[in-house]
Structure formats: structure tokens, C-alpha cells
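What follows is the content of start.tsv, which has TSV, C-alpha atoms:
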chain	number	residue	atom	x	y	z
A	388	MET	CA	47.96	20.71	15.66
A	389	ASP	CA	50.71	18.41	16.91
A	390	LYS	CA	49.02	16.37	19.62
A	391	LYS	CA	52.24	14.99	21.02
A	392	LYS	CA	53.63	18.48	21.61
A	393	LEU	CA	50.33	19.55	23.11
A	394	LEU	CA	50.38	16.62	25.55
A	395	GLU	CA	53.99	17.30	26.47
A	396	LYS	CA	53.08	20.90	27.15
A	397	ILE	CA	50.20	19.86	29.38
A	398	GLU	CA	52.46	17.34	31.08
A	399	ARG	CA	54.86	20.15	31.97
A	400	GLU	CA	51.88	22.22	33.16
A	401	GLU	CA	52.79	25.01	30.75
A	402	GLN	CA	50.32	27.74	29.87
A	403	LEU	CA	48.39	26.82	26.73
A	404	SER	CA	47.68	29.36	24.04
A	405	LEU	CA	44.11	30.32	23.28
A	406	VAL	CA	44.18	28.16	20.14
A	407	GLU	CA	45.46	25.19	22.13
A	408	GLN	CA	42.87	25.71	24.83
A	409	ALA	CA	40.13	25.80	22.21
A	410	HIS	CA	41.51	22.63	20.65
A	411	VAL	CA	41.53	20.84	24.02
A	412	GLU	CA	37.95	21.91	24.73
A	413	GLU	CA	36.87	20.76	21.30
A	414	LEU	CA	38.39	17.31	21.78
A	415	LEU	CA	36.99	16.98	25.30
A	416	ALA	CA	33.49	17.76	24.10
A	417	ASN	CA	33.31	16.16	20.68
A	418	ASP	CA	36.07	13.65	20.16
A	419	PRO	CA	34.49	10.16	19.91
A	420	ILE	CA	37.38	8.46	21.68
A	421	HIS	CA	37.10	10.85	24.60
A	422	GLY	CA	33.37	10.16	24.63
A	423	ARG	CA	33.99	6.44	24.74
A	424	ILE	CA	36.44	6.76	27.62
A	425	ARG	CA	33.86	8.74	29.51
A	426	GLU	CA	31.12	6.19	28.82
A	427	THR	CA	33.41	3.36	29.89
A	428	LEU	CA	34.16	5.03	33.20
A	429	GLN	CA	30.52	5.90	33.81
A	430	ALA	CA	29.59	2.26	33.23
A	431	LEU	CA	31.90	1.03	35.95
A	432	PRO	CA	29.99	-0.62	38.79
A	433	GLN	CA	29.90	1.39	41.97
A	434	ASP	CA	31.17	-0.18	45.17
A	435	ALA	CA	28.74	0.38	48.00
A	436	PRO	CA	29.76	0.56	51.62
A	437	SER	CA	28.55	-2.26	53.84
A	438	LEU	CA	25.97	-1.98	56.60
A	439	GLU	CA	28.74	-2.69	59.08
A	440	TRP	CA	30.62	0.31	57.69
A	441	ARG	CA	27.55	2.50	58.18
A	442	SER	CA	27.07	1.17	61.66
A	443	ARG	CA	30.64	2.09	62.58
A	444	LEU	CA	30.17	5.54	61.05
A	445	ASN	CA	26.98	6.09	63.06
A	446	GLU	CA	28.85	5.19	66.22
A	447	ARG	CA	31.63	7.64	65.42
A	448	LEU	CA	29.13	10.38	64.64
A	449	ARG	CA	27.34	9.67	67.91
A	450	ARG	CA	30.60	10.19	69.76
A	451	GLU	CA	31.21	13.41	67.82
A	452	LYS	CA	27.77	14.68	68.78
A	453	ARG	CA	28.60	14.24	72.46
A	454	GLN	CA	31.95	16.01	72.27
A	455	PRO	CA	30.72	19.58	71.69
A	456	ALA	CA	28.67	19.41	74.90
A	457	LYS	CA	31.73	18.19	76.79
A	458	ARG	CA	33.83	20.99	75.39
A	459	PHE	CA	31.14	23.48	76.38
A	460	ALA	CA	30.99	22.12	79.93
A	461	TRP	CA	34.75	22.32	80.31
A	462	SER	CA	34.84	25.88	79.08
A	463	ARG	CA	32.10	26.87	81.53
A	464	LEU	CA	33.97	25.18	84.35
A	465	GLY	CA	37.11	27.08	83.36
A	466	TRP	CA	35.28	30.40	83.47
A	467	ALA	CA	33.77	29.56	86.85
A	468	LEU	CA	37.17	28.64	88.30
A	469	SER	CA	38.74	31.82	86.96
A	470	ALA	CA	35.98	33.96	88.44
A	471	ALA	CA	36.30	32.20	91.81
A	472	ALA	CA	40.08	32.72	91.84
A	473	CYS	CA	39.66	36.44	91.09
A	474	THR	CA	37.08	36.80	93.86
A	475	ILE	CA	39.37	35.09	96.39
A	476	VAL	CA	42.31	37.33	95.45
A	477	ILE	CA	40.24	40.50	95.74
A	478	ALA	CA	38.74	39.44	99.08
A	479	THR	CA	42.18	38.61	100.47
A	480	VAL	CA	43.53	42.02	99.52
A	481	LEU	CA	40.57	43.80	101.12
A	482	VAL	CA	40.87	41.82	104.38
A	483	LEU	CA	44.59	42.46	104.62
A	484	GLN	CA	44.05	46.19	104.16
A	485	ARG	CA	41.62	46.29	107.12
A	486	ILE	CA	43.92	44.52	109.64
A	487	PRO	CA	45.59	47.22	111.89
A	488	GLY	CA	49.31	47.46	111.37
A	489	ALA	CA	49.31	45.08	108.52
A	490	GLU	CA	51.39	46.41	105.73
A	491	GLU	CA	50.85	50.06	106.73
A	492	PRO	CA	52.64	52.41	104.45
A	493	GLN	CA	55.85	53.75	106.00
A	494	PRO	CA	56.64	57.46	105.60
A	495	VAL	CA	59.63	58.33	103.57
A	496	ILE	CA	62.42	59.67	105.81
A	497	SER	CA	65.19	61.69	104.29
A	498	ALA	CA	68.85	61.44	105.32
A	499	SER	CA	68.87	65.01	106.63
A	500	GLN	CA	65.89	64.27	108.85
A	501	LEU	CA	67.68	61.22	110.22
A	502	MET	CA	70.81	63.29	110.91
A	503	GLU	CA	68.77	65.92	112.72
A	504	TRP	CA	67.07	63.30	114.91
A	505	HIS	CA	70.43	61.71	115.59
A	506	GLU	CA	72.01	65.00	116.66
A	507	GLU	CA	69.06	65.83	118.93
A	508	ALA	CA	69.22	62.41	120.53
A	509	THR	CA	72.96	62.63	120.97
A	510	GLY	CA	72.66	66.12	122.44
A	511	ALA	CA	69.99	65.03	124.92
A	512	ALA	CA	72.06	62.10	126.10
A	513	ALA	CA	75.23	64.20	126.50
A	514	LEU	CA	73.55	66.98	128.44
A	515	PRO	CA	75.78	67.68	131.40
A	516	GLU	CA	74.28	67.76	134.87
A	517	ASP	CA	75.32	71.31	135.53
A	518	GLY	CA	74.24	72.46	132.11
A	519	ALA	CA	77.67	73.99	131.49
A	520	ARG	CA	79.77	73.63	128.35
A	521	MET	CA	76.73	73.27	126.10
A	522	SER	CA	78.27	75.04	123.18
A	523	THR	CA	77.06	72.55	120.54
A	524	PHE	CA	73.35	73.33	120.61
A	525	ALA	CA	71.59	76.59	120.76
A	526	ILE	CA	69.05	75.30	123.29
A	527	ALA	CA	71.87	74.06	125.51
A	528	ASP	CA	73.60	77.43	125.26
A	529	GLU	CA	70.41	79.11	126.36
A	530	GLY	CA	70.21	76.81	129.35
A	531	ALA	CA	73.81	77.49	130.31
A	532	ARG	CA	73.38	81.20	130.05
A	533	THR	CA	70.34	81.07	132.28
A	534	VAL	CA	72.29	79.19	134.91
A	535	ASN	CA	75.14	81.74	134.73
A	536	GLU	CA	72.72	84.63	135.18
A	537	VAL	CA	71.29	83.01	138.28
A	538	GLU	CA	74.81	82.41	139.67
A	539	ASP	CA	75.71	85.98	138.90
A	540	LEU	CA	72.62	87.14	140.73
A	541	LEU	CA	73.34	84.93	143.76
A	542	TYR	CA	77.07	85.07	143.95
A	543	GLY	CA	77.94	88.11	141.96
A	544	THR	CA	80.19	86.14	139.66
A	545	SER	CA	79.86	83.22	137.32
A	546	LEU	CA	81.17	79.88	138.35
A	547	GLU	CA	82.88	79.63	135.02
A	548	SER	CA	85.05	82.56	135.83
A	549	LEU	CA	86.26	80.91	139.08
B	293	MET	CA	31.87	31.97	59.36
B	294	GLU	CA	28.19	32.65	58.97
B	295	PRO	CA	25.91	29.65	58.67
B	296	LEU	CA	24.32	28.99	55.33
B	297	GLU	CA	21.43	31.36	54.79
B	298	VAL	CA	18.54	29.18	53.79
B	299	ASP	CA	14.93	29.58	54.80
B	300	ILE	CA	14.42	26.71	57.16
B	301	ALA	CA	11.17	27.83	58.71
B	302	GLY	CA	8.88	24.94	59.35
B	303	ALA	CA	11.46	22.44	58.31
B	304	LEU	CA	13.20	21.79	61.59
B	305	ASN	CA	10.89	19.12	62.96
B	306	MET	CA	12.03	16.41	60.62
B	307	SER	CA	11.88	12.80	61.67
B	308	GLN	CA	14.60	10.30	60.88
B	309	HIS	CA	12.46	8.62	58.25
B	310	GLU	CA	11.54	11.65	56.22
B	311	ALA	CA	15.08	13.02	56.36
B	312	GLY	CA	16.40	13.83	52.94
B	313	ASN	CA	13.44	12.81	50.82
B	314	GLY	CA	13.23	15.35	48.03
B	315	ILE	CA	15.05	17.98	50.06
B	316	SER	CA	17.88	19.94	48.53
B	317	ASP	CA	21.43	19.54	49.74
B	318	GLN	CA	21.53	23.17	50.81
B	319	LEU	CA	18.48	22.78	53.00
B	320	LEU	CA	19.88	19.64	54.58
B	321	VAL	CA	23.08	21.51	55.39
B	322	ALA	CA	21.08	24.39	56.84
B	323	ARG	CA	19.28	21.92	59.09
B	324	CYS	CA	22.60	20.42	60.15
B	325	GLN	CA	23.80	23.90	61.01
B	326	SER	CA	20.77	24.18	63.26
B	327	ASP	CA	21.93	20.99	65.01
B	328	ASP	CA	19.33	18.80	63.36
B	329	TRP	CA	21.51	15.72	63.10
B	330	ALA	CA	18.86	13.65	61.34
B	331	ALA	CA	19.59	15.90	58.37
B	332	PHE	CA	23.23	14.88	58.50
B	333	ASP	CA	22.21	11.23	58.42
B	334	ALA	CA	20.22	12.07	55.31
B	335	LEU	CA	23.31	13.62	53.74
B	336	VAL	CA	25.29	10.48	54.52
B	337	ASP	CA	22.55	8.35	53.00
B	338	ARG	CA	22.65	10.48	49.90
B	339	TYR	CA	26.39	10.54	49.36
B	340	GLN	CA	27.89	7.50	51.04
B	341	ALA	CA	27.90	5.35	47.91
B	342	ARG	CA	29.41	8.06	45.70
B	343	VAL	CA	32.03	9.05	48.23
B	344	PHE	CA	32.94	5.48	48.99
B	345	GLY	CA	33.08	4.59	45.28
B	346	PHE	CA	35.31	7.56	44.56
B	347	VAL	CA	37.63	6.80	47.46
B	348	ARG	CA	37.74	3.11	46.56
B	349	ARG	CA	39.11	4.03	43.13
B	350	MET	CA	41.59	6.45	44.61
B	351	VAL	CA	43.21	4.02	47.04
B	352	PRO	CA	44.34	0.44	46.51
B	353	SER	CA	42.66	-1.43	49.36
B	354	HIS	CA	39.06	-1.85	50.38
B	355	GLU	CA	39.87	-1.43	54.07
B	356	GLU	CA	41.71	1.82	53.48
B	357	ALA	CA	38.80	3.07	51.38
B	358	GLU	CA	36.40	2.28	54.22
B	359	ASP	CA	38.52	4.17	56.73
B	360	ILE	CA	38.93	7.19	54.48
B	361	ALA	CA	35.25	7.31	53.54
B	362	GLN	CA	34.35	7.31	57.23
B	363	GLU	CA	36.83	10.07	57.88
B	364	VAL	CA	35.26	12.13	55.07
B	365	PHE	CA	31.88	12.15	56.80
B	366	VAL	CA	33.32	12.67	60.27
B	367	ARG	CA	35.24	15.72	59.04
B	368	ALA	CA	32.19	16.98	57.21
B	369	PHE	CA	30.23	16.59	60.44
B	370	ARG	CA	32.83	18.52	62.43
B	371	ASN	CA	32.99	21.34	59.88
B	372	ILE	CA	29.38	21.54	58.77
B	373	HIS	CA	29.00	24.92	60.50
B	374	ARG	CA	31.83	26.29	58.34
B	375	TYR	CA	30.23	25.26	55.06
B	376	ASP	CA	29.20	28.51	53.38
B	377	GLY	CA	27.32	27.22	50.35
B	378	ARG	CA	29.73	28.59	47.77
B	379	ALA	CA	30.57	25.08	46.58
B	380	SER	CA	28.07	22.32	46.02
B	381	VAL	CA	27.76	19.80	48.83
B	382	ALA	CA	29.03	17.10	46.49
B	383	GLY	CA	32.04	19.24	45.57
B	384	TRP	CA	32.72	19.95	49.23
B	385	LEU	CA	32.58	16.26	50.19
B	386	PHE	CA	34.74	15.23	47.23
B	387	LYS	CA	37.22	17.93	48.15
B	388	ILE	CA	37.59	16.44	51.63
B	389	ALA	CA	37.79	12.96	50.11
B	390	THR	CA	40.44	13.97	47.58
B	391	ASN	CA	42.63	15.57	50.21
B	392	LEU	CA	42.39	12.54	52.47
B	393	CYS	CA	43.20	10.19	49.59
B	394	ILE	CA	46.23	12.24	48.58
B	395	ASP	CA	47.42	12.37	52.20
B	396	SER	CA	46.98	8.64	52.50
B	397	ARG	CA	48.84	8.03	49.28
B	398	ARG	CA	51.74	10.16	50.42
B	399	LYS	CA	51.83	8.44	53.76
B	400	ARG	CA	52.11	5.11	52.08
B	401	SER	CA	55.13	6.54	50.29
B	402	ARG	CA	54.30	4.45	47.35
B	403	ARG	CA	55.48	6.23	44.29
B	404	VAL	CA	53.09	5.55	41.43
B	405	ALA	CA	54.88	6.08	38.18
B	406	GLU	CA	52.90	7.85	35.54
B	407	VAL	CA	52.60	6.41	32.08
B	408	PRO	CA	55.39	7.78	29.91
B	409	LEU	CA	54.18	9.91	27.07
B	410	GLU	CA	53.99	7.63	24.05
B	411	VAL	CA	51.24	9.09	21.93
B	412	ASP	CA	52.19	7.42	18.73
B	413	GLY	CA	53.61	4.25	20.23
B	414	SER	CA	52.14	1.17	21.79
B	415	PRO	CA	50.51	1.38	25.21
B	416	VAL	CA	53.02	1.14	27.98
B	417	VAL	CA	50.71	0.35	30.89
B	418	GLU	CA	50.66	-3.34	31.65
B	419	VAL	CA	47.14	-4.39	32.43
B	420	ALA	CA	45.42	-7.70	32.95
B	421	ASP	CA	44.53	-9.46	29.71
B	422	PRO	CA	40.77	-9.96	29.41
B	423	LYS	CA	41.12	-12.13	26.33
B	424	GLY	CA	40.85	-15.83	26.67
B	425	ASP	CA	37.57	-16.12	28.48
B	426	PRO	CA	34.48	-15.79	26.33
B	427	GLU	CA	32.05	-15.53	29.21
B	428	PRO	CA	30.59	-12.02	29.19
B	429	ILE	CA	30.47	-11.70	32.96
B	430	VAL	CA	34.02	-12.79	33.38
B	431	PHE	CA	35.01	-10.50	30.55
B	432	ALA	CA	33.22	-7.60	32.19
B	433	GLN	CA	34.98	-8.31	35.46
B	434	GLN	CA	38.31	-8.52	33.74
B	435	MET	CA	37.56	-5.36	31.80
B	436	GLU	CA	36.82	-3.62	35.07
B	437	GLU	CA	40.16	-4.78	36.38
B	438	VAL	CA	41.84	-3.48	33.24
B	439	ILE	CA	40.21	-0.08	33.67
B	440	ALA	CA	41.03	-0.03	37.38
B	441	SER	CA	44.62	-0.88	36.59
B	442	ALA	CA	44.77	1.86	33.96
B	443	LEU	CA	43.27	4.33	36.44
B	444	ASP	CA	45.82	3.30	39.04
B	445	SER	CA	48.57	4.17	36.61
B	446	LEU	CA	47.47	7.81	36.61
B	447	SER	CA	49.18	10.27	38.90
B	448	GLU	CA	47.47	11.96	41.83
B	449	ARG	CA	47.18	15.07	39.65
B	450	LEU	CA	45.19	13.36	36.91
B	451	LYS	CA	43.24	10.65	38.69
B	452	PRO	CA	40.90	12.80	40.80
B	453	VAL	CA	40.13	15.02	37.83
B	454	ILE	CA	38.95	12.22	35.56
B	455	LEU	CA	37.09	10.43	38.36
B	456	LEU	CA	35.31	13.56	39.51
B	457	HIS	CA	34.33	14.56	35.96
B	458	ASP	CA	33.68	11.31	34.13
B	459	VAL	CA	32.49	9.12	37.00
B	460	GLU	CA	30.96	11.54	39.50
B	461	GLY	CA	29.70	14.03	36.96
B	462	LEU	CA	31.03	17.18	38.61
B	463	SER	CA	31.35	20.30	36.48
B	464	TYR	CA	34.69	21.85	35.59
B	465	GLU	CA	34.00	24.63	38.08
B	466	GLU	CA	33.15	22.22	40.89
B	467	ILE	CA	36.33	20.25	40.26
B	468	ALA	CA	38.38	23.44	40.13
B	469	ASN	CA	36.92	24.45	43.46
B	470	ALA	CA	37.41	21.03	45.01
B	471	LEU	CA	41.01	20.70	43.91
B	472	GLY	CA	41.98	24.35	44.19
B	473	ILE	CA	43.16	24.69	40.61
B	474	PRO	CA	42.03	26.88	37.67
B	475	VAL	CA	39.27	25.67	35.37
B	476	GLY	CA	41.71	25.67	32.45
B	477	THR	CA	43.99	23.32	34.36
B	478	VAL	CA	41.06	21.02	35.06
B	479	LYS	CA	40.36	20.81	31.33
B	480	SER	CA	43.93	20.18	30.33
B	481	ARG	CA	44.40	17.54	33.03
B	482	LEU	CA	41.17	15.83	32.03
B	483	PHE	CA	42.37	15.83	28.45
B	484	LEU	CA	45.73	14.32	29.43
B	485	ALA	CA	44.11	11.72	31.70
B	486	ARG	CA	41.74	10.56	28.98
B	487	GLU	CA	44.60	10.33	26.50
B	488	ARG	CA	46.55	8.18	28.94
B	489	LEU	CA	43.58	5.91	29.56
B	490	GLN	CA	42.93	5.69	25.87
B	491	GLN	CA	46.50	4.53	25.33
B	492	ALA	CA	46.17	1.92	28.05
B	493	LEU	CA	42.80	0.65	26.89
B	494	SER	CA	43.13	0.98	23.13
B	495	GLU	CA	43.86	-2.71	22.72
B	496	TYR	CA	40.54	-3.57	24.34
B	497	MET	CA	38.44	-0.72	23.09
B	498	GLY	CA	39.50	-0.92	19.48
B	499	GLY	CA	40.34	2.77	19.53
B	500	ASP	CA	42.55	4.60	17.14
B	501	THR	CA	45.49	6.26	18.86
B	502	SER	CA	46.59	8.27	15.89
B	503	HIS	CA	43.70	10.73	15.75
B	504	GLY	CA	44.15	14.45	16.24
The structure in this file should be written as C-alpha cells.
Amino acid sequence: MDKKKLLEKIEREEQLSLVEQAHVEELLANDPIHGRIRETLQALPQDAPSLEWRSRLNERLRREKRQPAKRFAWSRLGWALSAAACTIVIATVLVLQRIPGAEEPQPVISASQLMEWHEEATGAAALPEDGARMSTFAIADEGARTVNEVEDLLYGTSLESL
Amino acid sequence: MEPLEVDIAGALNMSQHEAGNGISDQLLVARCQSDDWAAFDALVDRYQARVFGFVRRMVPSHEEAEDIAQEVFVRAFRNIHRYDGRASVAGWLFKIATNLCIDSRRKRSRRVAEVPLEVDGSPVVEVADPKGDPEPIVFAQQMEEVIASALDSLSERLKPVILLHDVEGLSYEEIANALGIPVGTVKSRLFLARERLQQALSEYMGGDTSHG
């Protein structure tokens, strides 16, 4: 197998055939040069972190240990504030509803009802003293007729006819 | 995510001194998930040298390696409740370490050129020359520098694979899990990385580059 082509293929991250994969596995496991590379790397001395490094890490971890409790306290405080705000809003609404005249619901008045009230008010204001010429409203007509009947009874003739 | 299901009955009253002695990684993690932070100290004791050594070979400076290694354990601490036991603890820590190293490398914006493919030619990587000093200790130190230089020449795709397999002893599956790549890709990258190192070190190892 052409090793150069195989390496170029791996370099390009192309899919290897089953034969190529088997060849790679064989070299990884049994090739003496690969074994020597591995031994060389395993023999490298290991750098160890200093005590000062560990001390700094312990300090950072100590701070991290405290943070979850803080977060928990803040979240509890948030819930408590939210609950208090809701209680205040509900209490305010209830108190406002119990104050007389405060935000009482107004009845819905239609335009025709308004017109009727207007005409009645206008009619009452324009009621003549003698009750005559009340042709606009039925109740005024009744009143006028009653007056005429009395005049007829007293004088034998209506004042209107004079 | 559910905490790791490990029987921890009777194991929660662990003192700082006995933490980690002969206890499996999984049990230590289970104790951490029960907020027994002495167990986390035991995990740090167990892995700090390996993690720091790995990071030190992944980044160029000692100071940067110290910072990243600290960050590895701080992140592990923050996310210990999310560890589900599917990967080994070592694989999980090395996964965090690898990601931080790659992020750091990208931030530095230092483009590390890979060794051009010259299988049948002379090595292209320029490394320190260990010849000239017969003292074994000095030679060993220089040889270490040569190997470090050769490792530095590898790309961020190849370097973690060969370090995790050949130095840290992780299995193909653990590396695949840590790096998020298929097992077949782990093997092919390991193969390519070793070939590159072999090219760079052949002058000092007396290896034959024409095999295969």
C-alpha cells in the first residue's frame, strides 16, 4: 500500500476504505517505529503544578462553593418580593371596590333614552301657565282638555273659542 | 440531568484526609454530586498532575498552562452535577482541557503551520540539535526539547489525539468522546501524528522513514 497516498488521504480527512483502515490499525498496533514514538512520549517527564498553583485553585473553588448559596438567597428574595407585590395589588383592588362611589359602574344609556329624557325636560320647562296650546305632548293635551271642560262647565264656552 | 447513580450509602462522611484513597472516580463524582466537596479535592489531587501536564504540552507558556489547568477544575466543579458517567472522569476532564486549550490557541491567533507531507524526504521540522553535548542529562533535556518542538509543530487536530493516547493512555473510545469525533478518525489522526513525529525525530531516533 502506498503510504504517501494514504497519508495524503488522511490529511484531507477523506473516508478510508476498509483495507486502508485495517492497514492503519495494523501499523498503529504493531509497527516498531510507532511503538518507539509511543514509548518516547510516555517517557517524557511530567510537569507538576506548584503548591502555589494549588493554593490559588483552592481559593477559587472556595469562592465557587459560596456562590450557589448566594444565588439561592437571591432567588428566594425575588420570589418573596414578587409575592409581596401581588398581595399589595390585590389588597388595593379590594379596598378600592369597598369605597362608596369609587369607580361605580355607570349604566349604559342609549341615545333614544337620552332623547326621551330631553323631550320630557323640555316639555316640563315650556309648560304654559294656563296649560293651553300643549299640543306637543299627550299629557299636556290631557291637561288642556281638562281645563277646557271646566271652563265649558263654568262659562258655557271654551276660552279658546273666544 | 440526573446525578450519577452510584450507591453512596455509608460513604458520605468522608474526612479530608481519607478522601480519594482507593475510591473509584465514579464514587468520588457521586459524592461531589451530594455536595461533599472533600471528594472534589480528592479528584483534583488525583488528576491535577495529568491535566496540568497535558495542558502544558498543548500551550506554549507555563503561565498560560497554569491558568488553563485551573480553569479546567473550576469548570469541572461548576458542572459536576451534569456529569452523567457515560464518559470516564479522565476523559471528561481532558475534554474540558482540550476545548480550553483550543480556545486559547485561537485567541492567541497564532497560526501554527503543520509539517508539510514529505514522507520520503528529509524531515522539515526544525528542532533543537541535541548533538554536541555528551552529558546524558543535558542530552535528555535537549531531547525533551526536540520532542516538545516536534509536538508543537502538530496542528490542533493531531496534537490532542497523540497526547491523549500516547501520553495519557486514553482509549480510542475515550478520545473520540472527548474530542467529539468518530473512533476511526481518532485512529487515522493518531497514525498521521505519529508519522509526522517520526519524520521530525528520525534523525535522533535512528528510525527508518521508508517503511510501509
Practice problem: Would you list the residues near (35.5, 22.6, 35.2) (no more than 9 Å away, in the coordinates of the file, using all atoms listed in the file) as a PyMOL selection string? | Solution: chain B and resi 457+462-469+474-479
Which residues of chain B come within 7 Å of chain A, and what is each one's closest atom pair and distance in Å (one decimal), counting all atoms listed in the file, sorted by chain and residue number, as a tab-separated table?
residue	atom	partner	partner_atom	distance
B:Ala341	CA	A:Ala435	CA	5.0
B:Phe344	CA	A:Pro436	CA	6.4
B:Gly345	CA	A:Asp434	CA	5.1
B:Gln362	CA	A:Leu444	CA	5.9
B:Val366	CA	A:Leu448	CA	6.5
B:Val411	CA	A:Lys391	CA	6.1
B:Glu436	CA	A:Leu431	CA	6.8
B:Asp458	CA	A:Arg425	CA	5.3
B:Val459	CA	A:Gln429	CA	4.9
B:Ser480	CA	A:Ile397	CA	6.3
B:Phe483	CA	A:Leu415	CA	6.3
B:Leu484	CA	A:Leu394	CA	6.5
B:Arg486	CA	A:His421	CA	6.4
B:Gln490	CA	A:Ile424	CA	6.8
B:Gly499	CA	A:Ile420	CA	6.8
B:Gly504	CA	A:Lys390	CA	6.2
Exercise. Calculate how many Å separate CA of Ser353 in chain B from CA of Gln433 in chain B, rounding to one decimal.
Key: 17.3 Å
